[in-house]
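In what follows, a structure is listed as structure tokens, so that the remarks can point back to it.
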Amino acid sequence: MTSQARVTNSHAPTGNIIRDSALGLVPETLGNYMDLNRQLWEGGPLSPAEIEIARIRNARKVNCVFCKSVRYDIAQEDGLSEDRVQMIDDDYEQSNLTDREKLILAFTDQYLNDPAGLDSALKERLRQVFTPQELVHLSMVVAFFNGFSRCAVAIGGMPDELPVMTISVPQ
Amino acid sequence: MNWINGGIDRDSTLAPLPDVANRFQALYDSFWNQAHLAPSTLELCRLRLAQLHRSAADWSRVDCEIDAEKREHLADWSSHESFSDAERACLEFTEIYAMDVQAISDELAEAVKAHYGDAGLVTLVEALGIFDGMTRLSLLWQLASVEH
């Protein structure tokens with residue numbers, strides 16, 4: 001990964017982290033990108049804490065320094081403490097996360113590691129715990145945040161580490 | 001038919017969440033209507049991802065008409081004469097993106113920028129994120145290919 005950004009947005013800063021990022025160089029997609037991000041956070045059946053669990057798992061697997069360092073305030077307000085965030089690691093099965101939260105991580109790992117290899121046992125467990133709408137929402141959450149984190153890595157310019165920072169969903 | 005809600009394709013799978021579906025579609029459509037990177041080149045990159053992921057559903061999609069010869073020889077893009085230098089730069093970037101996004105080099109990025117500029121590179125990585133994501137979901141949802 002390069003620590004030098006391959007592209008920079010030299011427009012005047014707006015205070016919006018997405019608009020001020022390199023994504024701001026493509027106005028044709030920017031508004032739609034932000035609309036989908038907002039809808040996924042605020043308009044689907046999964047709770048903010050559940051969305052954040054999937055997002056952080058993806059961030060850690062992709063190793064996007066920025067995505068790993070971010071915490072969304074609405075997920076914290078929904079009860080996702082930093083203690084619980086620390087459980088989102090490779091030993092999550094042995095953690096105190098709920099069965100539903102562990103299934104979110106299993107789904108995310110399946111998407112990342114072997115999307116074509118979903119077995120009938122995991123499929124059945126997912127169907128028993130989540131509604132079809134929740135599974136579609138989870139699918140789009142994982143796909144969207146995976147794409148965003150890969151985008152950030154591909155553009156580069158991130159340090160090796162960043163402190164944890166709490167942000168709101170960009171409006 | 002997928003295993004989640006009986007949808008037979010991407011649209012019918014997303015249909016129970018219309019607000020998400022509509023916003024996703026607006027974003028998806030915007031890639032084919034931007035001014036920074038040729039839509040036909042984006043389609044080649046999307047199809048190359050479908051090949052690399054072995055997704056019949058995504059290979060069978062047509063989001064932008066491309067030359068039939070290019071589609072036929074897409075796996076041989078590095079040597080086949082029908083591909084332009086700009087297309088080759090984007091396809092090489094796409095292949096590394098698919099295998100390991102951390103392995104993208106400055107040289108690969110510069111090669112894309114030489115043809116399409118900074119905004120073109122951003123368009124490409126943004127589009128690849130969505131294309132790769134929807135290809136993975138086609139596989140995860142176990143969608144079948146569709147006839148066109």
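Ligands are numbered from 1 in the order shown, chains are lettered A, B, ... in the order of the structure tokens, and residues start at 1 in each chain.
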Check: Near chain A, which residues of chain B fall within 6 Å when you count only C-alpha atoms, and what do they look like as a list in words?
Finding: Ile4, Asn5, Arg23, Leu27, Ser30, Gln34, Gln102, Asp118, Ala119, Val125, Glu126, Gly129, Ile130, Gly133, Arg136, Leu139 and Leu140 of chain B
Checklist line | Contacts of B:Asp67 within 10 Å, only C-alpha atoms, excl. fewer than 6 positions in-chain, as a ChimeraX atom specification | finding: /B:40,44,82
Next item on the list: Using only C-alpha atoms, find the one residue out of A:Ala12, A:Ala49, A:Ala54, A:Ile17 that sits nearest to A:Asp109.
Entry: A:Ala54
Next item on the list: Do a neighbour search on stretch 48-61 of chain B at 10 Å with only C-alpha atoms, toss out local chain neighbours closer than 3 positions, and write the hits as an MDAnalysis selection string.
Entry: (chainID A and resid 114:116) or (chainID B and resid 9:10 42:45 64 71 74:75 77 91:92 94:95 97:99 128 131:132 134:139 142:148)
Note to self: DSSP on the backbone: which residues in stretch 32-122 of chain B end up as alpha helix (DSSP H)? Give the answer as number ranges by chain.
What the structure shows: B: 39-53, 56-59, 68-72, 85-99, 106-122
